[in-house]
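Colleague: Got a file for you: structure03.tsv, TSV, C-alpha atoms and all ligand atoms.
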chain	number	residue	atom	x	y	z
V	1	MET	CA	-29.27	2.21	7.96
V	2	ALA	CA	-27.07	-0.43	9.61
V	3	ASN	CA	-25.95	-0.22	13.22
V	4	CYS	CA	-22.36	0.18	14.42
V	5	PHE	CA	-20.95	-3.26	15.26
V	6	LYS	CA	-19.32	-1.79	18.34
V	7	CYS	CA	-21.76	0.59	20.03
V	8	GLY	CA	-25.03	-0.04	18.16
V	9	GLY	CA	-25.22	3.63	17.03
V	10	GLU	CA	-25.96	4.74	13.49
V	11	ALA	CA	-23.25	3.41	11.16
V	12	VAL	CA	-21.73	5.78	8.59
V	13	VAL	CA	-18.94	3.61	7.19
V	14	HIS	CA	-18.81	0.02	5.94
V	15	ILE	CA	-15.38	-1.58	6.31
V	16	ALA	CA	-15.18	-4.17	3.53
V	17	TYR	CA	-12.16	-6.13	4.80
V	18	THR	CA	-13.75	-6.76	8.22
V	19	LYS	CA	-17.34	-6.76	6.90
V	20	GLN	CA	-18.28	-4.33	9.70
V	21	ASP	CA	-20.45	-1.23	9.82
V	22	VAL	CA	-19.09	1.53	12.05
V	23	CYS	CA	-20.42	4.82	13.42
V	24	LYS	CA	-18.51	8.10	13.18
V	25	ASN	CA	-17.24	8.03	16.75
V	26	CYS	CA	-16.04	4.41	16.73
V	27	PHE	CA	-14.44	4.84	13.29
V	28	CYS	CA	-12.44	7.89	14.42
V	29	LEU	CA	-11.40	6.20	17.67
V	30	GLN	CA	-10.22	3.16	15.70
V	31	PHE	CA	-8.24	5.39	13.31
V	32	GLU	CA	-6.56	7.15	16.25
V	33	SER	CA	-5.82	3.88	18.04
V	34	ARG	CA	-4.00	2.63	14.92
V	35	VAL	CA	-1.76	5.70	15.00
V	36	ARG	CA	-1.01	4.86	18.66
V	37	LYS	CA	-0.31	1.25	17.70
V	38	ALA	CA	2.13	2.34	14.97
V	39	ASN	CA	3.83	4.61	17.48
V	40	TYR	CA	4.13	1.73	19.95
V	41	ASP	CA	5.12	-0.99	17.47
V	42	PHE	CA	7.89	1.06	15.84
V	43	SER	CA	8.96	3.26	18.79
V	44	LEU	CA	8.29	6.33	16.66
V	45	LEU	CA	7.91	9.20	19.12
V	46	ARG	CA	9.55	10.06	22.39
V	47	ARG	CA	8.97	12.71	25.06
V	48	SER	CA	10.80	15.95	24.14
V	49	ASP	CA	11.07	15.03	20.46
V	50	VAL	CA	10.87	17.95	18.05
V	51	VAL	CA	8.77	16.51	15.25
V	52	GLY	CA	8.84	18.10	11.82
V	53	VAL	CA	5.59	17.18	10.10
V	54	GLY	CA	5.41	17.23	6.32
V	55	VAL	CA	2.12	18.86	5.37
V	56	SER	CA	0.90	19.23	1.82
V	57	GLY	CA	-2.68	20.40	2.23
V	58	GLY	CA	-3.92	16.94	1.22
V	59	LYS	CA	-6.04	14.56	3.28
V	60	ASP	CA	-3.23	12.27	4.47
V	61	SER	CA	-1.04	14.95	5.96
V	62	ALA	CA	-4.15	16.60	7.44
V	63	CYS	CA	-4.89	13.34	9.30
V	64	LEU	CA	-1.24	13.06	10.26
V	65	ILE	CA	-0.80	16.46	11.84
V	66	TYR	CA	-4.23	16.33	13.51
V	67	ASN	CA	-3.41	12.97	15.12
V	68	LEU	CA	0.10	14.03	16.10
V	69	SER	CA	-1.31	17.10	17.75
V	70	ILE	CA	-3.55	14.82	19.88
V	71	LEU	CA	-0.57	12.59	20.70
V	72	SER	CA	1.74	15.53	21.44
V	73	LYS	CA	-0.41	16.41	24.44
V	74	GLU	CA	-0.15	12.86	25.78
V	75	ILE	CA	3.53	12.23	25.08
V	76	SER	CA	4.74	15.83	25.26
V	77	PHE	CA	6.64	16.54	22.07
V	78	GLU	CA	6.84	19.61	19.88
V	79	ILE	CA	5.35	19.84	16.36
V	80	ILE	CA	6.84	21.89	13.54
V	81	PRO	CA	4.73	21.82	10.35
V	82	ILE	CA	6.74	21.94	7.11
V	83	LEU	CA	5.29	22.57	3.67
V	84	ILE	CA	7.32	22.08	0.50
V	85	ASP	CA	5.96	24.05	-2.44
V	86	GLU	CA	6.88	22.27	-5.67
V	87	GLY	CA	5.70	25.23	-7.75
V	88	ILE	CA	2.78	23.55	-9.52
V	89	ALA	CA	0.30	26.28	-10.40
V	90	GLY	CA	-3.35	25.60	-9.63
V	91	TYR	CA	-2.45	22.65	-7.43
V	92	ARG	CA	0.00	23.22	-4.60
V	93	ASN	CA	-0.93	26.87	-4.06
V	94	LYS	CA	-4.56	25.82	-3.42
V	95	ALA	CA	-3.51	22.94	-1.18
V	96	ALA	CA	-1.10	25.18	0.75
V	97	GLN	CA	-3.99	27.41	1.68
V	98	LYS	CA	-5.76	24.42	3.26
V	99	ALA	CA	-2.58	23.46	5.12
V	100	ARG	CA	-2.35	26.99	6.50
V	101	GLU	CA	-5.98	26.84	7.64
V	102	LEU	CA	-5.48	23.54	9.45
V	103	CYS	CA	-2.27	24.69	11.13
V	104	LYS	CA	-4.08	27.80	12.32
V	105	GLN	CA	-6.87	25.67	13.79
V	106	LEU	CA	-4.26	23.60	15.63
V	107	GLY	CA	-2.39	26.68	16.86
V	108	LEU	CA	0.73	25.83	14.83
V	109	SER	CA	2.69	28.06	12.47
V	110	LEU	CA	3.55	26.67	9.07
V	111	ASN	CA	7.11	26.75	7.70
V	112	SER	CA	7.19	26.90	3.90
V	113	PHE	CA	10.05	26.12	1.52
V	114	SER	CA	10.08	25.79	-2.25
V	115	TYR	CA	11.87	23.93	-5.04
V	116	LYS	CA	12.47	27.32	-6.62
V	117	GLU	CA	14.54	28.53	-3.68
V	118	ASN	CA	16.21	25.16	-3.11
V	119	PHE	CA	17.00	24.14	-6.69
V	120	GLY	CA	16.52	27.27	-8.73
V	121	LEU	CA	13.49	25.99	-10.63
V	122	SER	CA	9.89	25.07	-9.88
V	123	MET	CA	8.26	21.84	-11.10
V	124	ASP	CA	6.33	23.83	-13.72
V	125	GLU	CA	9.60	25.32	-15.03
V	126	LEU	CA	11.32	21.94	-14.96
V	127	MET	CA	8.48	20.32	-16.89
V	128	ALA	CA	8.53	23.13	-19.47
V	129	LYS	CA	12.28	22.70	-19.94
V	130	ARG	CA	11.90	18.95	-20.23
V	131	GLY	CA	9.23	19.55	-22.89
V	132	GLU	CA	11.66	21.76	-24.85
V	133	LYS	CA	14.41	19.14	-24.67
V	134	ARG	CA	12.02	16.41	-25.75
V	135	LYS	CA	11.43	18.29	-29.01
V	136	GLU	CA	15.03	17.38	-29.91
V	137	ASP	CA	15.24	14.06	-28.10
V	138	ALA	CA	11.91	12.35	-27.36
V	139	SER	CA	13.48	10.08	-24.74
V	140	PHE	CA	15.05	12.91	-22.74
V	141	GLY	CA	14.80	12.89	-18.96
V	142	ARG	CA	12.56	10.96	-16.64
V	143	PRO	CA	8.92	10.97	-15.48
V	144	SER	CA	7.84	14.02	-13.46
V	145	CYS	CA	7.63	12.17	-10.14
V	146	GLY	CA	11.18	10.86	-10.56
V	147	TYR	CA	12.46	14.45	-10.22
V	148	CYS	CA	9.80	15.61	-7.80
V	149	GLY	CA	10.22	12.74	-5.34
V	150	VAL	CA	13.96	13.34	-5.01
V	151	PHE	CA	13.51	17.12	-4.65
V	152	ARG	CA	10.80	16.72	-2.03
V	153	LYS	CA	12.74	14.23	0.07
V	154	ASN	CA	15.82	16.44	-0.09
V	155	SER	CA	13.83	19.61	0.75
V	156	LEU	CA	11.95	18.05	3.64
V	157	ASN	CA	15.09	16.62	5.18
V	158	LYS	CA	17.00	19.89	4.83
V	159	ALA	CA	14.10	21.90	6.30
V	160	ALA	CA	13.65	19.50	9.22
V	161	ARG	CA	17.36	19.54	9.97
V	162	GLU	CA	17.62	23.33	9.80
V	163	LEU	CA	14.56	23.69	12.05
V	164	GLY	CA	16.23	21.46	14.66
V	165	CYS	CA	13.81	18.51	14.33
V	166	SER	CA	14.70	15.18	15.92
V	167	LYS	CA	12.15	13.32	13.74
V	168	LEU	CA	10.38	13.97	10.47
V	169	ALA	CA	6.84	12.57	10.21
V	170	ILE	CA	5.39	12.04	6.76
V	171	GLY	CA	1.83	11.18	5.78
V	172	HIS	CA	2.49	7.84	4.08
V	173	ASN	CA	-0.45	5.55	4.75
V	174	ALA	CA	-0.86	1.77	4.39
V	175	ASP	CA	-1.55	2.13	0.65
V	176	ASP	CA	1.66	4.14	0.08
V	177	VAL	CA	3.81	1.61	1.92
V	178	ALA	CA	2.21	-1.37	0.14
V	179	GLN	CA	2.60	0.39	-3.24
V	180	THR	CA	6.27	1.22	-2.67
V	181	PHE	CA	7.03	-2.33	-1.57
V	182	LEU	CA	5.37	-3.73	-4.68
V	183	MET	CA	7.03	-1.14	-6.95
V	184	ASN	CA	10.45	-2.04	-5.59
V	185	LEU	CA	9.73	-5.71	-6.28
V	186	LEU	CA	8.39	-5.07	-9.79
V	187	ARG	CA	11.34	-2.86	-10.72
V	188	GLY	CA	13.83	-5.33	-9.30
V	189	GLU	CA	15.23	-2.68	-6.96
V	190	LYS	CA	16.68	-5.09	-4.46
V	191	SER	CA	18.14	-2.39	-2.24
V	192	GLY	CA	14.98	-0.28	-2.53
V	193	ASN	CA	13.33	-1.99	0.41
V	194	GLU	CA	16.39	-1.74	2.62
V	195	ARG	CA	16.24	2.00	3.32
V	196	PHE	CA	12.48	2.00	3.17
V	197	GLY	CA	10.14	1.35	6.07
V	198	VAL	CA	8.04	2.82	8.86
V	199	ALA	CA	11.02	4.33	10.66
V	200	VAL	CA	14.20	4.91	8.70
V	201	ASP	CA	17.43	6.90	8.51
V	202	ALA	CA	18.10	7.19	12.24
V	203	GLY	CA	21.75	7.68	13.08
V	204	ILE	CA	22.75	8.62	9.52
V	205	ALA	CA	24.75	11.83	9.36
V	206	GLY	CA	22.81	14.71	7.81
V	207	PHE	CA	19.49	12.85	7.82
V	208	VAL	CA	16.55	13.46	10.15
V	209	PRO	CA	14.91	10.07	10.95
V	210	ARG	CA	11.69	9.70	8.96
V	211	ILE	CA	8.62	8.15	10.55
V	212	LYS	CA	5.22	7.07	9.15
V	213	PRO	CA	2.58	7.09	11.89
V	214	LEU	CA	-0.29	6.44	9.41
V	215	VAL	CA	1.11	3.09	8.28
V	216	TYR	CA	-1.83	1.12	9.72
V	217	ASN	CA	-4.52	3.26	8.08
V	218	LEU	CA	-5.64	2.86	4.47
V	219	GLU	CA	-5.84	5.85	2.12
V	220	LEU	CA	-9.63	5.54	1.97
V	221	GLU	CA	-9.76	5.57	5.77
V	222	CYS	CA	-7.64	8.75	5.81
V	223	ALA	CA	-10.14	10.36	3.43
V	224	MET	CA	-13.07	9.25	5.61
V	225	TYR	CA	-11.40	10.44	8.79
V	226	ALA	CA	-10.56	13.84	7.29
V	227	LEU	CA	-14.15	14.22	6.09
V	228	LEU	CA	-15.75	13.05	9.34
V	229	LYS	CA	-13.49	15.35	11.39
V	230	GLU	CA	-14.10	18.18	8.89
V	231	LEU	CA	-10.39	18.86	8.52
V	232	PRO	CA	-9.54	21.42	5.82
V	233	PHE	CA	-7.87	19.63	2.89
V	234	HIS	CA	-7.51	20.01	-0.87
V	235	LEU	CA	-8.91	17.27	-3.11
V	236	GLY	CA	-7.31	18.20	-6.44
V	237	GLU	CA	-4.89	15.97	-8.29
V	238	CYS	CA	-1.41	16.95	-9.42
V	239	PRO	CA	-1.45	17.65	-13.19
V	240	TYR	CA	1.72	15.55	-13.61
V	241	SER	CA	0.52	12.51	-11.65
V	242	ASN	CA	-0.51	10.59	-14.78
V	243	GLU	CA	3.19	9.98	-15.52
V	244	ALA	CA	3.74	8.08	-12.31
V	245	TYR	CA	4.62	4.37	-12.34
V	246	ARG	CA	3.04	4.41	-8.93
V	247	GLY	CA	-0.33	5.13	-10.59
V	248	LEU	CA	-0.21	1.78	-12.34
V	249	VAL	CA	0.51	-0.08	-9.10
V	250	LYS	CA	-2.09	1.98	-7.26
V	251	ASP	CA	-4.80	1.08	-9.77
V	252	PHE	CA	-3.86	-2.58	-9.60
V	253	LEU	CA	-3.99	-2.63	-5.78
V	254	ASN	CA	-7.29	-0.71	-5.70
V	255	ASP	CA	-8.77	-3.21	-8.12
V	256	ALA	CA	-7.45	-6.16	-6.15
V	257	GLU	CA	-8.71	-4.66	-2.87
V	258	GLU	CA	-12.18	-4.24	-4.31
V	259	LYS	CA	-12.33	-7.83	-5.49
V	260	TYR	CA	-10.43	-9.30	-2.54
V	261	PRO	CA	-10.84	-7.02	0.50
V	262	GLY	CA	-7.81	-7.18	2.77
V	263	THR	CA	-5.27	-7.41	-0.09
V	264	LYS	CA	-3.47	-4.18	0.88
V	265	PHE	CA	-3.10	-5.12	4.53
V	266	ASN	CA	-1.89	-8.58	3.47
V	267	LEU	CA	0.81	-6.97	1.33
V	268	LEU	CA	1.71	-4.55	4.11
V	269	SER	CA	2.01	-7.34	6.63
V	270	SER	CA	4.21	-9.36	4.22
V	271	PHE	CA	6.50	-6.34	3.92
V	272	LEU	CA	6.66	-5.76	7.67
V	273	SER	CA	7.40	-9.37	8.49
V	274	LEU	CA	10.08	-9.45	5.81
V	275	GLN	CA	11.65	-6.31	7.25
V	276	LYS	CA	11.49	-7.75	10.75
V	277	LYS	CA	13.53	-10.68	9.52
V	278	LEU	CA	16.03	-8.25	8.04
V	279	SER	CA	16.08	-6.38	11.39
V	280	THR	CA	15.76	-3.02	9.71
V	281	GLN	CA	12.40	-1.75	10.84
V	282	LYS	CA	12.75	-0.31	14.33
V	283	ILE	CA	14.25	3.08	14.75
V	284	VAL	CA	16.37	1.73	17.62
V	285	GLU	CA	17.76	-0.96	15.37
V	286	GLU	CA	18.32	1.57	12.60
V	287	SER	CA	20.33	3.77	14.92
V	288	GLU	CA	22.67	0.87	15.60
V	289	LYS	CA	23.39	0.43	11.90
V	290	ARG	CA	26.18	2.42	10.34
V	291	VAL	CA	25.42	3.92	6.96
V	292	GLU	CA	28.26	5.89	5.48
V	293	THR	CA	27.34	9.12	3.70
V	294	ILE	CA	29.42	11.85	2.12
V	295	ALA	CA	28.80	15.56	1.53
V	296	CYS	CA	27.79	16.52	-2.01
V	297	PRO	CA	30.51	18.86	-3.35
V	298	SER	CA	27.84	20.88	-5.11
V	299	CYS	CA	25.18	21.48	-2.42
V	300	ASN	CA	26.87	20.12	0.72
V	301	GLU	CA	23.92	17.83	1.54
V	302	GLN	CA	24.84	14.31	2.64
V	303	PHE	CA	24.24	11.48	0.18
V	304	SER	CA	25.17	7.85	-0.04
V	305	GLY	CA	27.98	8.37	-2.55
V	306	GLY	CA	28.63	6.18	-5.57
V	307	GLU	CA	28.25	9.22	-7.87
V	308	GLU	CA	30.19	12.50	-7.93
V	309	ILE	CA	27.26	14.62	-6.78
V	310	CYS	CA	23.91	13.94	-5.11
V	311	LYS	CA	20.86	12.99	-7.15
V	312	ALA	CA	19.11	16.35	-6.67
V	313	CYS	CA	22.16	18.22	-8.01
V	314	SER	CA	22.54	15.85	-10.95
V	315	PHE	CA	18.86	16.45	-11.82
V	316	VAL	CA	19.39	20.22	-11.68
V	317	ASN	CA	22.43	19.81	-13.92
V	318	GLU	CA	20.38	17.94	-16.52
V	319	PHE	CA	18.58	21.24	-17.12
V	320	SER	CA	21.52	23.61	-16.91
V	321	THR	CA	23.83	21.84	-19.38
V	322	SER	CA	21.66	22.08	-22.46
V	323	ALA	CA	24.53	23.34	-24.65
V	324	ALA	CA	26.70	20.38	-23.75
V	325	ARG	CA	23.85	17.93	-24.33
V	326	SER	CA	22.56	19.22	-27.68
M	1	LIG	FE1	5.35	15.67	-7.59
M	1	LIG	FE2	4.49	13.49	-8.94
M	1	LIG	FE3	3.39	14.18	-6.59
M	1	LIG	FE4	2.97	15.69	-8.75
M	1	LIG	S1	2.29	13.54	-8.46
M	1	LIG	S2	3.47	16.43	-6.70
M	1	LIG	S3	4.94	15.50	-9.80
M	1	LIG	S4	5.51	13.50	-6.91
M	2	ZN	ZN	24.06	18.00	-4.13
What would the structure in this file look like if it were written as structure tokens?
Ligand code: SF4
Ligand code: ZN

Modeller:
Amino acid sequence: MANCFKCGGEAVVHIAYTKQDVCKNCFCLQFESRVRKANYDFSLLRRSDVVGVGVSGGKDSACLIYNLSILSKEISFEIIPILIDEGIAGYRNKAAQKARELCKQLGLSLNSFSYKENFGLSMDELMAKRGEKRKEDASFGRPSCGYCGVFRKNSLNKAARELGCSKLAIGHNADDVAQTFLMNLLRGEKSGNERFGVAVDAGIAGFVPRIKPLVYNLELECAMYALLKELPFHLGECPYSNEAYRGLVKDFLNDAEEKYPGTKFNLLSSFLSLQKKLSTQKIVEESEKRVETIACPSCNEQFSGGEEICKACSFVNEFSTSAARS
């Protein structure tokens, strides 16, 4: 067994992109120091913040809330865990149980909300309805995650706002940020990277600023950290995840990382330096920008306009206007 490059103890992890072997203690300290670095680099958290933390029961959000609970004692901010239940049987209900366990360990009480109560239908119901419609029109609708992503973002923001949060922390890690950057490029979504980053949506009416304290940690490192710290988390995969475009990009990046270690961090650093040039990354800078939003006439949530109603409401309408469509 190799020795830890830092302390000489027994190594448990090999970091391919630095070619270093690391022991449990040094690995966890490094993980935590990267969360601190993200906090420092992007001015994420302030004393007296009320931080809504999106928890799913998965490994990433387990690492997120565990690390924020360490930081909250140093910086003195409040943590409010928020779970959004998509209504995916056999998946989210199991994960939610793990989220509850972890919150209990940390002395926090979990606030749960669901798509069913917010939009009138669960993901399972939506997918069943889409299946029905596809019997008549095979090209009907969009991939599962296209609906789910919009509903989750909307639900998290609404919950955080109603719970009085000044920030909303989400468990996006370095892989997630690199994937989204690449997806936006591949899809030609030029504006996609403008309201996307480590700290976004500050100073926009109706939106709680979103922050990503795990941005400097890879997904694999989140999994290792959660395992080494023995955090409760659910390992299962969403039954609808195979429809995701993200899956394609994820596989490509995983393959590239294996052959050329460091690829993901290279992509992440390209994104961050590009954003720096566009002056859109720091929360302070974001708050100085003015983004106009309007209230959706259907649900009253703020959205960027351009359409008559917000995206979430237009998705709900796709499934409630079957007579008009067929
Ligand atoms: Fe929702 Fe897609 Fe995630 Fe499943 S994989 S929970 S459908 S965003
Ligand atoms: Zn709406």

Colleague: May I ask you to write as an mmCIF file with C-alpha atoms, in the frame of the given file all residues lying at most 7 Å from ligand ZN 2 (chain M), with only C-alpha atoms and all ligand atoms counted?

Modeller:
data_model
loop_
_atom_site.group_PDB
_atom_site.id
_atom_site.type_symbol
_atom_site.label_atom_id
_atom_site.label_comp_id
_atom_site.auth_asym_id
_atom_site.auth_seq_id
_atom_site.Cartn_x
_atom_site.Cartn_y
_atom_site.Cartn_z
ATOM 1 C CA CYS V 296 27.790 16.520 -2.010
ATOM 2 C CA PRO V 297 30.510 18.860 -3.350
ATOM 3 C CA SER V 298 27.840 20.880 -5.110
ATOM 4 C CA CYS V 299 25.180 21.480 -2.420
ATOM 5 C CA ASN V 300 26.870 20.120 0.720
ATOM 6 C CA GLU V 301 23.920 17.830 1.540
ATOM 7 C CA ILE V 309 27.260 14.620 -6.780
ATOM 8 C CA CYS V 310 23.910 13.940 -5.110
ATOM 9 C CA LYS V 311 20.860 12.990 -7.150
ATOM 10 C CA ALA V 312 19.110 16.350 -6.670
ATOM 11 C CA CYS V 313 22.160 18.220 -8.010
#

Colleague: Nearest residue to ligand LIG 1 (chain M) out of V:Ile294, V:Leu29, V:Cys148, V:Ile88, using only C-alpha atoms and all ligand atoms?

Modeller: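 Between V:Ile294, V:Leu29, V:Cys148, V:Ile88, the residue approaching ligand LIG 1 (chain M) most closely is V:Cys148.
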
Colleague: With a cut-off of 9 Å, could you pull out the residues of chain V touching ligand LIG 1 (chain M) and give me the nearest pair of atoms for each, distance in Å to one decimal, using all atoms listed in the file, ordered by chain and ascending number, as JSON lines?

Modeller:
{"residue": "V:Glu86", "atom": "CA", "partner": "M:LIG1", "partner_atom": "S2", "distance": 6.8}
{"residue": "V:Ile88", "atom": "CA", "partner": "M:LIG1", "partner_atom": "S2", "distance": 7.7}
{"residue": "V:Tyr91", "atom": "CA", "partner": "M:LIG1", "partner_atom": "S2", "distance": 8.6}
{"residue": "V:Arg92", "atom": "CA", "partner": "M:LIG1", "partner_atom": "S2", "distance": 7.9}
{"residue": "V:Met123", "atom": "CA", "partner": "M:LIG1", "partner_atom": "S3", "distance": 7.3}
{"residue": "V:Pro143", "atom": "CA", "partner": "M:LIG1", "partner_atom": "S3", "distance": 8.3}
{"residue": "V:Ser144", "atom": "CA", "partner": "M:LIG1", "partner_atom": "S3", "distance": 4.9}
{"residue": "V:Cys145", "atom": "CA", "partner": "M:LIG1", "partner_atom": "FE2", "distance": 3.6}
{"residue": "V:Gly146", "atom": "CA", "partner": "M:LIG1", "partner_atom": "S4", "distance": 7.2}
{"residue": "V:Tyr147", "atom": "CA", "partner": "M:LIG1", "partner_atom": "S3", "distance": 7.6}
{"residue": "V:Cys148", "atom": "CA", "partner": "M:LIG1", "partner_atom": "FE1", "distance": 4.5}
{"residue": "V:Gly149", "atom": "CA", "partner": "M:LIG1", "partner_atom": "S4", "distance": 5.0}
{"residue": "V:Val150", "atom": "CA", "partner": "M:LIG1", "partner_atom": "S4", "distance": 8.7}
{"residue": "V:Phe151", "atom": "CA", "partner": "M:LIG1", "partner_atom": "FE1", "distance": 8.8}
{"residue": "V:Arg152", "atom": "CA", "partner": "M:LIG1", "partner_atom": "FE1", "distance": 7.9}
{"residue": "V:Glu237", "atom": "CA", "partner": "M:LIG1", "partner_atom": "S1", "distance": 7.6}
{"residue": "V:Cys238", "atom": "CA", "partner": "M:LIG1", "partner_atom": "FE4", "distance": 4.6}
{"residue": "V:Pro239", "atom": "CA", "partner": "M:LIG1", "partner_atom": "FE4", "distance": 6.6}
{"residue": "V:Tyr240", "atom": "CA", "partner": "M:LIG1", "partner_atom": "S3", "distance": 5.0}
{"residue": "V:Ser241", "atom": "CA", "partner": "M:LIG1", "partner_atom": "S1", "distance": 3.8}
{"residue": "V:Asn242", "atom": "CA", "partner": "M:LIG1", "partner_atom": "S1", "distance": 7.5}
{"residue": "V:Glu243", "atom": "CA", "partner": "M:LIG1", "partner_atom": "FE2", "distance": 7.6}
{"residue": "V:Ala244", "atom": "CA", "partner": "M:LIG1", "partner_atom": "FE2", "distance": 6.4}

Colleague: Excluding Ser56 (chain V) and any residue of its chain fewer than 2 positions from it, enumerate the residues within 7 Å of it, using all atoms listed in the file, and give them as a ChimeraX atom specification.

Modeller: /V:54,58,61,83,95-96,99

Colleague: Would you put the residues from that selection into a file with C-alpha atoms, as a compact mmCIF listing (two decimals), in the frame of the given file?

Modeller:
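New file selection15.txt:
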# COMPACT_ATOMS: atom_id res chain seq x y z
CA GLY V 54 5.41 17.23 6.32
CA GLY V 58 -3.92 16.94 1.22
CA SER V 61 -1.04 14.95 5.96
CA LEU V 83 5.29 22.57 3.67
CA ALA V 95 -3.51 22.94 -1.18
CA ALA V 96 -1.10 25.18 0.75
CA ALA V 99 -2.58 23.46 5.12

Colleague: Near Asp176 (chain V), within 10 Å and counting all atoms listed in the file, which residues show up once chain neighbours fewer than 3 positions away are dropped, as a list of chain:residue names?

Modeller: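 In the requested form, the answer reads V:Gly171, V:His172, V:Asn173, V:Gln179, V:Thr180, V:Phe181, V:Leu182, V:Leu214, V:Val215, V:Leu218, V:Glu219, V:Arg246, V:Lys250, V:Lys264, V:Leu268.
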
Colleague: Please list, as a list in words, the residues that have an atom at most 7 Å away from (6.4, 17.4, 7.1) in the coordinates of this file, counting all atoms listed in the file.

Modeller: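 Using all atoms listed in the file, the matching residues come out as Gly52, Val53, Gly54, Val55, Pro81, Ile82, Leu83, Leu156, Leu168, Ala169 and Ile170 of chain V.
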
Colleague: Please produce a file of those selected residues containing C-alpha atoms, as a PDB file, keeping the file's coordinate frame.

Modeller:
ATOM      1  CA  GLY V  52       8.840  18.100  11.820  1.00  0.00           C
ATOM      2  CA  VAL V  53       5.590  17.180  10.100  1.00  0.00           C
ATOM      3  CA  GLY V  54       5.410  17.230   6.320  1.00  0.00           C
ATOM      4  CA  VAL V  55       2.120  18.860   5.370  1.00  0.00           C
ATOM      5  CA  PRO V  81       4.730  21.820  10.350  1.00  0.00           C
ATOM      6  CA  ILE V  82       6.740  21.940   7.110  1.00  0.00           C
ATOM      7  CA  LEU V  83       5.290  22.570   3.670  1.00  0.00           C
ATOM      8  CA  LEU V 156      11.950  18.050   3.640  1.00  0.00           C
ATOM      9  CA  LEU V 168      10.380  13.970  10.470  1.00  0.00           C
ATOM     10  CA  ALA V 169       6.840  12.570  10.210  1.00  0.00           C
ATOM     11  CA  ILE V 170       5.390  12.040   6.760  1.00  0.00           C
TER      12      ILE V 170
END

Colleague: Which residue out of V:Gly8, V:Gly107, V:Lys167, V:Asp21 has the minimum interatomic distance to Arg46 (chain V) when all atoms listed in the file are used?

Modeller: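 Among V:Gly8, V:Gly107, V:Lys167, V:Asp21, it is V:Lys167 that comes nearest to Arg46 (chain V).
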
Colleague: When you draw a straight line from CA of Gln30 (chain V) to CA of Asn217 (chain V), how long is it in Å?

Modeller: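 These two atoms are separated by 9.5 Å.
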
Colleague: I'd like the interatomic distance between CA of Asp255 (chain V) and CA of Ala223 (chain V), to a tenth of an Å.

Modeller: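 These atoms are spaced 17.9 Å apart.
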
Colleague: Using only C-alpha atoms for the distances, tell me which of V:Leu71, V:Leu278, V:Ala199, V:Leu267 is nearest to Leu185 (chain V).

Modeller: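 Distance minimum relative to Leu185 (chain V) lands on V:Leu267.
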
Colleague: Of the candidates V:Ser69, V:Ser112, V:Ser122, V:Thr293, which shows the shortest atom-to-atom distance to Gly57 (chain V), using all atoms listed in the file?

Modeller: V:Ser112

Colleague: For Glu258 (chain V), which residue among V:Leu64, V:Val35, V:Leu220, V:Leu106 is the nearest when counting all atoms listed in the file?

Modeller: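 Among V:Leu64, V:Val35, V:Leu220, V:Leu106, it is V:Leu220 that comes nearest to Glu258 (chain V).
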